[in-house]
file protein.csv (CSV, C-alpha atoms (C1' of nucleotides))
chain,number,residue,atom,x,y,z
G,896,MET,CA,-109.2,51.3,21.0
G,897,ALA,CA,-108.8,48.3,22.4
G,898,LYS,CA,-108.6,45.1,20.7
G,899,SER,CA,-110.4,42.7,22.5
G,900,SER,CA,-111.7,39.5,21.6
G,901,THR,CA,-111.5,36.2,22.9
G,902,ILE,CA,-112.9,33.0,22.0
G,903,ALA,CA,-111.4,32.0,25.0
G,904,ALA,CA,-113.4,34.1,27.3
G,905,ALA,CA,-114.4,37.3,26.0
G,906,PRO,CA,-114.4,39.4,23.0
G,907,GLU,CA,-113.3,40.7,19.7
G,908,ALA,CA,-112.8,39.9,16.3
G,909,PRO,CA,-109.9,38.2,15.1
G,910,ALA,CA,-109.1,39.0,11.6
G,911,ASP,CA,-106.2,36.8,11.3
G,912,SER,CA,-104.4,34.7,8.8
G,913,ALA,CA,-106.7,32.2,7.4
G,914,GLU,CA,-104.7,29.5,8.9
G,915,THR,CA,-105.4,30.1,12.5
G,916,GLN,CA,-108.9,30.2,13.7
G,917,ALA,CA,-110.5,28.8,10.6
G,918,SER,CA,-108.8,25.5,10.9
G,919,LEU,CA,-107.5,25.1,14.4
G,920,ASP,CA,-110.8,24.7,16.2
G,921,SER,CA,-112.4,21.8,14.3
G,922,ALA,CA,-113.2,20.0,17.5
G,923,LEU,CA,-115.3,22.9,18.7
G,924,ASP,CA,-117.2,23.4,15.5
G,925,ASP,CA,-120.2,21.4,16.4
G,926,LEU,CA,-121.0,23.5,19.5
G,927,ILE,CA,-123.6,26.2,19.3
G,928,GLY,CA,-122.1,27.9,22.3
G,929,TYR,CA,-118.7,28.2,20.5
G,930,ALA,CA,-120.2,29.4,17.3
G,931,MET,CA,-122.4,31.9,19.1
G,932,ARG,CA,-119.5,33.3,21.0
G,933,ARG,CA,-117.6,33.9,17.8
G,934,ALA,CA,-120.6,35.4,16.1
G,935,GLN,CA,-121.5,37.5,19.1
G,936,LEU,CA,-118.0,38.8,19.3
G,937,LYS,CA,-118.2,40.0,15.7
G,938,LEU,CA,-121.5,41.7,16.2
G,939,PHE,CA,-120.4,43.3,19.5
G,940,GLN,CA,-117.1,44.6,18.2
G,941,ASN,CA,-118.8,46.1,15.2
G,942,LEU,CA,-121.3,47.9,17.5
G,943,ILE,CA,-118.5,49.1,19.9
G,944,GLY,CA,-116.6,50.6,17.0
G,945,ARG,CA,-119.6,52.5,15.7
G,946,LEU,CA,-120.7,53.7,19.2
G,947,SER,CA,-117.2,54.9,20.0
G,948,ALA,CA,-117.8,57.8,17.6
G,949,HIS,CA,-120.3,59.0,20.2
G,950,ASP,CA,-118.1,58.0,23.1
G,951,LEU,CA,-120.7,55.4,24.3
G,952,ARG,CA,-120.5,51.8,25.2
G,953,PRO,CA,-123.2,49.2,24.3
G,954,ALA,CA,-124.4,49.2,27.9
G,955,GLN,CA,-125.0,53.0,27.7
G,956,PHE,CA,-127.0,52.6,24.5
G,957,SER,CA,-129.1,49.8,26.1
G,958,ALA,CA,-129.7,52.0,29.1
G,959,LEU,CA,-130.9,54.9,27.0
G,960,ALA,CA,-133.3,52.6,25.1
G,961,ILE,CA,-134.7,51.1,28.3
G,962,ILE,CA,-135.2,54.5,29.9
G,963,ASP,CA,-136.9,55.7,26.8
G,964,GLN,CA,-139.3,52.8,27.0
G,965,ASN,CA,-139.8,53.1,30.7
G,966,PRO,CA,-139.6,56.7,31.7
G,967,GLY,CA,-139.5,57.2,35.5
G,968,LEU,CA,-138.1,53.8,36.3
G,969,MET,CA,-135.9,53.4,39.3
G,970,GLN,CA,-132.2,52.5,39.3
G,971,ALA,CA,-132.9,49.1,40.7
G,972,ASP,CA,-135.2,48.4,37.8
G,973,LEU,CA,-132.6,49.6,35.3
G,974,ALA,CA,-130.0,47.3,36.9
G,975,LYS,CA,-132.4,44.4,36.5
G,976,ALA,CA,-133.2,45.2,32.9
G,977,LEU,CA,-129.5,45.5,32.1
G,978,ALA,CA,-128.7,42.4,34.1
G,979,ILE,CA,-126.1,44.2,36.1
G,980,GLU,CA,-125.7,44.9,39.8
G,981,PRO,CA,-127.1,48.2,41.3
G,982,PRO,CA,-123.6,49.6,42.0
G,983,GLN,CA,-122.7,49.4,38.4
G,984,VAL,CA,-125.7,51.6,37.5
G,985,VAL,CA,-124.2,54.5,39.4
G,986,PRO,CA,-121.2,55.4,37.1
G,987,LEU,CA,-123.3,54.5,34.1
G,988,LEU,CA,-126.0,57.0,35.0
G,989,ASN,CA,-123.5,59.6,36.2
G,990,LYS,CA,-122.0,59.5,32.7
G,991,LEU,CA,-125.4,59.9,31.0
G,992,GLU,CA,-126.3,62.7,33.4
G,993,SER,CA,-122.9,64.5,32.9
G,994,ARG,CA,-123.6,64.5,29.2
G,995,ALA,CA,-127.2,65.7,29.8
G,996,LEU,CA,-128.7,62.6,28.1
G,997,ALA,CA,-130.7,61.5,31.1
G,998,VAL,CA,-131.7,62.8,34.5
G,999,ARG,CA,-132.4,61.5,38.0
G,1000,VAL,CA,-135.5,63.1,39.6
G,1001,ARG,CA,-136.2,62.6,43.3
G,1002,CYS,CA,-139.3,60.6,43.9
G,1003,LYS,CA,-142.1,62.5,45.7
G,1004,PRO,CA,-143.5,59.7,47.7
G,1005,ASP,CA,-140.2,57.9,48.5
G,1006,LYS,CA,-137.3,60.3,48.8
G,1007,ARG,CA,-134.8,57.5,48.8
G,1008,SER,CA,-135.4,56.7,45.1
G,1009,TYR,CA,-135.1,58.5,41.8
G,1010,GLY,CA,-137.1,58.4,38.7
G,1011,ILE,CA,-134.9,58.2,35.6
G,1012,PHE,CA,-135.9,60.1,32.5
G,1013,LEU,CA,-134.3,61.0,29.1
G,1014,SER,CA,-133.6,64.6,28.3
G,1015,LYS,CA,-134.6,66.0,24.9
G,1016,THR,CA,-131.0,65.6,24.0
G,1017,GLY,CA,-131.0,62.0,25.1
G,1018,GLU,CA,-134.1,61.3,23.1
G,1019,ALA,CA,-132.6,62.8,20.0
G,1020,LEU,CA,-129.4,60.9,20.4
G,1021,LEU,CA,-131.2,57.7,21.0
G,1022,LYS,CA,-133.0,58.1,17.7
G,1023,GLU,CA,-129.6,58.3,16.0
G,1024,LEU,CA,-128.2,55.4,17.9
G,1025,LYS,CA,-131.0,53.2,16.9
G,1026,LEU,CA,-130.1,53.7,13.3
G,1027,ILE,CA,-126.5,53.1,14.0
G,1028,ALA,CA,-127.3,49.9,15.8
G,1029,ALA,CA,-129.5,48.7,12.9
G,1030,GLU,CA,-126.7,49.5,10.5
G,1031,SER,CA,-124.2,47.6,12.7
G,1032,ASP,CA,-126.5,44.6,12.7
G,1033,MET,CA,-126.8,44.6,9.0
G,1034,ASP,CA,-123.1,45.1,8.5
G,1035,ALA,CA,-122.0,42.3,10.9
G,1036,THR,CA,-124.5,39.9,9.4
G,1037,SER,CA,-123.8,40.8,5.8
G,1038,ASN,CA,-123.2,37.1,5.0
G,1039,LEU,CA,-126.9,36.4,5.6
G,1040,ASP,CA,-129.9,37.4,3.4
G,1041,SER,CA,-132.9,39.0,5.0
G,1042,GLN,CA,-134.8,35.8,5.4
G,1043,GLU,CA,-131.9,34.2,7.2
G,1044,ARG,CA,-131.6,37.3,9.4
G,1045,GLU,CA,-135.2,37.0,10.4
G,1046,GLU,CA,-134.9,33.3,11.2
G,1047,LEU,CA,-131.7,33.9,13.2
G,1048,LEU,CA,-133.4,36.6,15.3
G,1049,ARG,CA,-136.4,34.3,15.9
G,1050,LEU,CA,-134.2,31.4,17.0
G,1051,LEU,CA,-132.0,33.6,19.3
G,1052,LYS,CA,-135.1,35.0,21.0
G,1053,LYS,CA,-136.5,31.6,21.4
G,1054,VAL,CA,-133.3,30.5,23.1
G,1055,TYR,CA,-133.2,33.1,25.8
G,1056,GLN,CA,-136.9,33.7,26.2
G,1057,ALA,CA,-138.1,31.0,28.4
H,284,MET,CA,-123.7,63.4,43.1
H,285,ALA,CA,-124.0,64.7,39.8
H,286,LYS,CA,-127.5,65.7,39.6
H,287,SER,CA,-128.6,67.7,36.8
H,288,SER,CA,-131.8,69.3,36.5
H,289,THR,CA,-133.2,69.6,33.1
H,290,ILE,CA,-136.4,67.9,33.4
H,291,ALA,CA,-138.9,69.0,35.9
H,292,ALA,CA,-141.3,66.3,35.1
H,293,ALA,CA,-143.1,64.8,37.9
H,294,PRO,CA,-141.6,61.6,39.3
H,295,GLU,CA,-143.7,58.7,38.8
H,296,ALA,CA,-144.2,55.4,40.5
H,297,PRO,CA,-141.6,52.8,39.7
H,298,ALA,CA,-142.2,51.0,36.5
H,299,ASP,CA,-143.1,47.7,38.0
H,300,SER,CA,-141.8,45.0,40.1
H,301,ALA,CA,-142.1,41.7,38.4
H,302,GLU,CA,-141.3,43.5,35.2
H,303,THR,CA,-137.8,42.8,34.3
H,304,GLN,CA,-135.8,42.0,31.2
H,305,ALA,CA,-138.7,40.3,29.5
H,306,SER,CA,-140.5,43.5,28.9
H,307,LEU,CA,-138.3,46.5,29.6
H,308,ASP,CA,-136.3,46.2,26.5
H,309,SER,CA,-138.8,46.3,23.7
H,310,ALA,CA,-136.9,48.9,21.8
H,311,LEU,CA,-134.0,46.6,21.4
H,312,ASP,CA,-136.0,43.6,20.4
H,313,ASP,CA,-135.4,43.9,16.7
H,314,LEU,CA,-131.6,43.9,17.0
H,315,ILE,CA,-129.8,40.6,16.2
H,316,GLY,CA,-126.9,41.9,18.3
H,317,TYR,CA,-129.0,42.4,21.3
H,318,ALA,CA,-130.7,39.0,21.0
H,319,MET,CA,-127.4,37.3,20.4
H,320,ARG,CA,-125.8,38.9,23.4
H,321,ARG,CA,-128.6,37.7,25.6
H,322,ALA,CA,-128.6,34.2,24.1
H,323,GLN,CA,-124.8,34.0,24.3
H,324,LEU,CA,-124.8,35.0,27.9
H,325,LYS,CA,-127.2,32.2,28.7
H,326,LEU,CA,-125.1,29.6,26.9
H,327,PHE,CA,-121.9,30.9,28.4
H,328,GLN,CA,-123.2,30.9,31.9
H,329,ASN,CA,-124.5,27.4,31.5
H,330,LEU,CA,-121.1,26.2,30.3
H,331,ILE,CA,-119.2,28.1,33.0
H,332,GLY,CA,-121.3,26.4,35.7
H,333,ARG,CA,-120.7,23.0,34.3
H,334,LEU,CA,-116.9,23.5,33.8
H,335,SER,CA,-116.5,24.9,37.3
H,336,ALA,CA,-116.9,21.3,38.6
H,337,HIS,CA,-113.6,20.7,37.0
H,338,ASP,CA,-112.2,24.1,38.0
H,339,LEU,CA,-111.9,25.1,34.4
H,340,ARG,CA,-112.9,28.2,32.4
H,341,PRO,CA,-114.2,28.1,28.8
H,342,ALA,CA,-110.9,29.4,27.6
H,343,GLN,CA,-109.1,26.5,29.2
H,344,PHE,CA,-111.5,24.1,27.6
H,345,SER,CA,-111.0,25.7,24.2
H,346,ALA,CA,-107.3,25.6,24.6
H,347,LEU,CA,-107.3,21.9,25.4
H,348,ALA,CA,-109.4,21.2,22.3
H,349,ILE,CA,-107.1,23.3,20.1
H,350,ILE,CA,-104.0,21.7,21.4
H,351,ASP,CA,-105.5,18.2,20.9
H,352,GLN,CA,-106.2,19.1,17.3
H,353,ASN,CA,-102.8,20.6,16.8
H,354,PRO,CA,-100.3,18.8,18.9
H,355,GLY,CA,-96.9,20.6,19.1
H,356,LEU,CA,-98.2,24.0,18.2
H,357,MET,CA,-96.4,27.1,19.6
H,358,GLN,CA,-97.8,29.5,22.1
H,359,ALA,CA,-98.1,32.2,19.5
H,360,ASP,CA,-100.3,29.9,17.5
H,361,LEU,CA,-102.4,29.1,20.5
H,362,ALA,CA,-102.8,32.8,21.2
H,363,LYS,CA,-103.9,33.4,17.7
H,364,ALA,CA,-106.4,30.5,17.7
H,365,LEU,CA,-107.9,31.8,21.0
H,366,ALA,CA,-107.9,35.3,19.7
H,367,ILE,CA,-106.0,36.5,22.8
H,368,GLU,CA,-102.6,38.2,23.2
H,369,PRO,CA,-99.5,36.1,23.8
H,370,PRO,CA,-99.0,37.3,27.4
H,371,GLN,CA,-102.4,35.9,28.3
H,372,VAL,CA,-101.3,32.4,27.2
H,373,VAL,CA,-98.7,32.2,29.9
H,374,PRO,CA,-100.9,31.9,33.0
H,375,LEU,CA,-103.4,29.8,31.0
H,376,LEU,CA,-100.7,27.3,30.1
H,377,ASN,CA,-99.2,27.5,33.5
H,378,LYS,CA,-102.5,26.4,34.9
H,379,LEU,CA,-102.9,23.5,32.5
H,380,GLU,CA,-99.3,22.4,33.1
H,381,SER,CA,-99.6,22.6,36.9
H,382,ARG,CA,-102.6,20.2,36.6
H,383,ALA,CA,-100.6,18.0,34.3
H,384,LEU,CA,-103.1,18.4,31.5
H,385,ALA,CA,-100.6,19.8,29.0
H,386,VAL,CA,-96.9,20.2,28.6
H,387,ARG,CA,-94.4,22.6,27.1
H,388,VAL,CA,-91.6,20.9,25.3
H,389,ARG,CA,-88.6,22.8,24.1
H,390,CYS,CA,-88.3,22.9,20.4
H,391,LYS,CA,-85.1,21.3,19.0
H,392,PRO,CA,-84.4,23.5,16.1
H,393,ASP,CA,-85.5,26.8,17.7
H,394,LYS,CA,-84.7,26.9,21.4
H,395,ARG,CA,-86.8,30.0,22.0
H,396,SER,CA,-90.1,28.3,21.4
H,397,TYR,CA,-92.0,25.4,22.9
H,398,GLY,CA,-94.2,22.8,21.4
H,399,ILE,CA,-97.4,22.3,23.3
H,400,PHE,CA,-98.9,18.8,23.8
H,401,LEU,CA,-101.7,17.3,25.8
H,402,SER,CA,-100.8,14.7,28.4
H,403,LYS,CA,-102.7,11.4,28.6
H,404,THR,CA,-104.6,13.0,31.5
H,405,GLY,CA,-105.4,16.0,29.4
H,406,GLU,CA,-106.7,13.9,26.6
H,407,ALA,CA,-108.9,11.9,28.9
H,408,LEU,CA,-110.3,15.0,30.5
H,409,LEU,CA,-110.9,16.6,27.2
H,410,LYS,CA,-113.0,13.7,26.2
H,411,GLU,CA,-115.2,14.2,29.2
H,412,LEU,CA,-115.3,18.0,28.7
H,413,LYS,CA,-116.6,17.5,25.1
H,414,LEU,CA,-119.6,15.6,26.5
H,415,ILE,CA,-120.2,18.2,29.1
H,416,ALA,CA,-120.1,21.0,26.5
H,417,ALA,CA,-122.5,19.1,24.3
H,418,GLU,CA,-124.8,18.7,27.2
H,419,SER,CA,-124.5,22.3,28.1
H,420,ASP,CA,-125.4,23.2,24.5
H,421,MET,CA,-128.5,21.0,24.6
H,422,ASP,CA,-129.6,22.3,28.0
H,423,ALA,CA,-129.2,26.0,27.2
H,424,THR,CA,-131.1,25.6,23.9
H,425,SER,CA,-133.8,23.3,25.3
H,426,ASN,CA,-136.4,25.7,23.8
H,427,LEU,CA,-135.4,24.6,20.3
H,428,ASP,CA,-136.0,21.3,18.6
H,429,SER,CA,-133.1,19.5,16.8
H,430,GLN,CA,-133.9,21.0,13.4
H,431,GLU,CA,-133.9,24.5,14.9
H,432,ARG,CA,-130.6,23.8,16.6
H,433,GLU,CA,-129.0,22.7,13.4
H,434,GLU,CA,-130.3,25.8,11.6
H,435,LEU,CA,-129.1,28.1,14.3
H,436,LEU,CA,-125.6,26.5,14.2
H,437,ARG,CA,-125.5,26.9,10.4
H,438,LEU,CA,-126.6,30.6,10.6
H,439,LEU,CA,-124.1,31.4,13.4
H,440,LYS,CA,-121.2,29.9,11.4
H,441,LYS,CA,-122.3,31.7,8.3
H,442,VAL,CA,-122.2,35.0,10.3
H,443,TYR,CA,-118.6,34.7,11.5
H,444,GLN,CA,-117.0,32.6,8.8
H,445,ALA,CA,-115.9,34.4,5.7
J,1333,DT,C1',-81.6,43.4,14.6
J,1334,DA,C1',-85.8,40.3,15.0
J,1335,DT,C1',-88.4,36.9,17.4
J,1336,DT,C1',-90.5,33.7,21.5
J,1337,DG,C1',-91.9,33.8,25.6
J,1338,DT,C1',-92.3,36.4,29.7
J,1339,DT,C1',-92.9,40.1,33.3
J,1340,DA,C1',-94.9,44.2,34.7
J,1341,DT,C1',-98.7,47.1,34.4
J,1342,DA,C1',-103.1,49.3,33.5
J,1343,DC,C1',-107.8,49.6,32.1
J,1344,DT,C1',-112.3,47.6,31.9
J,1345,DC,C1',-116.0,44.9,33.7
J,1346,DT,C1',-118.2,42.7,37.2
J,1347,DA,C1',-119.4,41.3,42.0
J,1348,DT,C1',-119.8,41.9,47.1
J,1349,DA,C1',-119.8,44.2,51.4
J,1350,DA,C1',-120.5,48.2,53.9
J,1351,DC,C1',-122.1,52.9,54.4
J,1352,DT,C1',-126.0,57.0,54.0
J,1353,DA,C1',-130.4,58.5,54.1
J,1354,DT,C1',-134.6,57.7,54.1
J,1355,DA,C1',-138.7,54.7,55.3
F,81,DT,C1',-135.5,46.9,60.8
F,82,DA,C1',-135.7,47.3,56.0
F,83,DT,C1',-134.8,49.6,51.5
F,84,DA,C1',-132.6,52.8,47.5
F,85,DG,C1',-128.7,54.5,46.3
F,86,DT,C1',-123.9,54.9,46.9
F,87,DT,C1',-119.0,54.0,48.1
F,88,DA,C1',-115.1,51.1,48.4
F,89,DT,C1',-112.9,47.2,47.1
F,90,DA,C1',-111.5,43.0,44.9
F,91,DG,C1',-111.4,39.9,41.3
F,92,DA,C1',-111.5,38.5,36.6
F,93,DG,C1',-110.4,39.5,31.6
F,94,DT,C1',-107.8,41.9,28.3
F,95,DA,C1',-104.6,45.2,26.4
F,96,DT,C1',-99.6,47.3,25.7
F,97,DA,C1',-94.6,48.0,26.7
F,98,DA,C1',-90.4,46.3,27.9
F,99,DC,C1',-87.2,42.6,29.1
F,100,DA,C1',-84.5,37.9,28.6
F,101,DA,C1',-82.9,34.3,25.8
F,102,DT,C1',-82.2,32.9,21.3
F,103,DA,C1',-82.0,33.4,16.4
call {"tool": "encode", "arguments": {"input": "protein.csv", "output": "structure tokens"}}
result
Amino acid sequence: MAKSSTIAAAPEAPADSAETQASLDSALDDLIGYAMRRAQLKLFQNLIGRLSAHDLRPAQFSALAIIDQNPGLMQADLAKALAIEPPQVVPLLNKLESRALAVRVRCKPDKRSYGIFLSKTGEALLKELKLIAAESDMDATSNLDSQEREELLRLLKKVYQA
Amino acid sequence: MAKSSTIAAAPEAPADSAETQASLDSALDDLIGYAMRRAQLKLFQNLIGRLSAHDLRPAQFSALAIIDQNPGLMQADLAKALAIEPPQVVPLLNKLESRALAVRVRCKPDKRSYGIFLSKTGEALLKELKLIAAESDMDATSNLDSQEREELLRLLKKVYQA
DNA sequence: TATTGTTATACTCTATAACTATA
DNA sequence: TATAGTTATAGAGTATAACAATA
């Protein structure tokens, strides 16, 4: 367990005395970027905590979901979808393969590349993880009602989909 | 190296080429956490790019803003406000001090601690940085109109406050 | 003995360059 | 020569433990 969170640069939820963050940052309060970092940290830490029961990181979960939706994709495609560099895909996939959640299958036409697929185990676990992620979402946004959640999701998508 | 062999399914042609994040992640599209991570990354990268012109990181900017609002605070307070551990404050403050943006002043009553203050230079730079951050916010959320921006900020604050 | 700031250290994440094996 | 995957490596960011000076 690591505690990580940084408003400063990276992640985790504070949970401090009311005196600190709540009041010390008034100059930053009008920035969407600052509020989003704080909120994202809360969501992320919640998910990390829940996934840790399965010894998985958010990136692994995303990878499983992407593979499920795009069976047979190549590692370069996966890297692109995860917004990481190809070298980072290697240990990630190694981990999934070592746990028999996914497999690399040599491509027939081009023997340099692999097609990536989920195993039955991987598919079953992914189904569980989707529920966990949905729970995490609800838990971390428990201050919102369902209409607000819907609106927030719409706005967030609009921000990054261009 | 770890290749397992569970699935004998036939390798298939690579998913697509132009197909990237926009379409490969449809299973994750209903998660606020996923959308927020994507959106936050966009905002954060935009800000990082702009601050780099001043050789600063978001954490340094946040620190300047917090010191400005709380002149004389101790390093432990700053760590708490930034949601980082005290040891991480040291190099951060060293950097700000070396650039004459902030100063550590020995506390009279308790000689173990310092009071942290902005220099005039620091105050002036912070004023600039606030404009830059506001521009970055606008730029990275250019898909939204002002009403949507306001609503997004409200929802984000509601998520992490409380 | 407890606390403030610091040093030392380690683990994660991320990015780049170079290597292999195919093409 | 170009490409897919891999290896090696380096740089951030973040965490903990232990130390010095002070209380």
call {"tool": "atom_distance", "arguments": {"input": "protein.csv", "atom1": "atom C1' of DT1352 of chain J", "atom2": "atom CA of Ala954 of chain G"}}
result
27.3 Å
call {"tool": "interface_residues", "arguments": {"input": "protein.csv", "of": "chain H", "to": "chain F", "cutoff": "10 Å", "atoms": "only C-alpha atoms (C1' of nucleotides)", "output": "list in words"}}
result
Met284, Ile367, Glu368, Pro370, Gln371, Asp393, Lys394, Arg395 and Ser396 of chain H
call {"tool": "atom_distance", "arguments": {"input": "protein.csv", "atom1": "atom CA of Leu988 of chain G", "atom2": "atom CA of Ala1035 of chain G"}}
result
28.5 Å
call {"tool": "calpha_fit_rmsd", "arguments": {"input": "protein.csv", "fixed": "chain G", "moving": "chain H"}}
result
8.3 Å
call {"tool": "atom_distance", "arguments": {"input": "protein.csv", "atom1": "atom CA of Asp1034 of chain G", "atom2": "atom CA of Thr424 of chain H"}}
result
26.1 Å
call {"tool": "closest_residue", "arguments": {"input": "protein.csv", "among": "H:Ala310, H:Leu326, H:Ala383, H:Ala348", "to": "Asp420 of chain H", "atoms": "only C-alpha atoms"}}
result
H:Leu326
call {"tool": "closest_atom_pairs", "arguments": {"input": "protein.csv", "of": "chain J", "to": "chain G", "cutoff": "8 Å", "atoms": "all atoms listed in the file", "output": "tab-separated table"}}
result
residue	atom	partner	partner_atom	distance
J:DA1347	C1'	G:Glu980	CA	7.6
J:DA1353	C1'	G:Arg1007	CA	7.0
J:DT1354	C1'	G:Arg1007	CA	5.3
J:DA1355	C1'	G:Asp1005	CA	7.7
call {"tool": "write_last_selection", "arguments": {"input": "protein.csv", "atoms": "C-alpha atoms (C1' of nucleotides)", "output": "PDB file, keeping the file's coordinate frame"}}
result
ATOM      1  C1'  DA J1347    -119.400  41.300  42.000  1.00  0.00           C
ATOM      2  C1'  DA J1353    -130.400  58.500  54.100  1.00  0.00           C
ATOM      3  C1'  DT J1354    -134.600  57.700  54.100  1.00  0.00           C
ATOM      4  C1'  DA J1355    -138.700  54.700  55.300  1.00  0.00           C
TER       5       DA J1355
END
call {"tool": "closest_residue", "arguments": {"input": "protein.csv", "among": "H:Ser429, H:Ser402, H:Ser345, H:Gln358", "to": "chain G", "atoms": "only C-alpha atoms"}}
result
H:Ser345
call {"tool": "residues_around", "arguments": {"input": "protein.csv", "residues": "Asp312 of chain H", "least_positions_apart": "5", "cutoff": "9 Å", "atoms": "only C-alpha atoms (C1' of nucleotides)", "output": "list of chain:residue names"}}
result
G:Lys1052, H:Tyr317, H:Ala318
call {"tool": "closest_residue", "arguments": {"input": "protein.csv", "among": "H:Ala366, H:Glu418, H:Ile331, H:Leu361", "to": "chain G", "atoms": "only C-alpha atoms"}}
result
H:Ala366
call {"tool": "closest_residue", "arguments": {"input": "protein.csv", "among": "H:Ser335, H:Ser425, H:Gln430, H:Ser381", "to": "chain G", "atoms": "all atoms listed in the file"}}
result
H:Ser425
call {"tool": "closest_residue", "arguments": {"input": "protein.csv", "among": "G:Met1033, G:Glu1046, G:Asp972, G:Phe956", "to": "Gly1017 of chain G", "atoms": "only C-alpha atoms"}}
result
G:Phe956
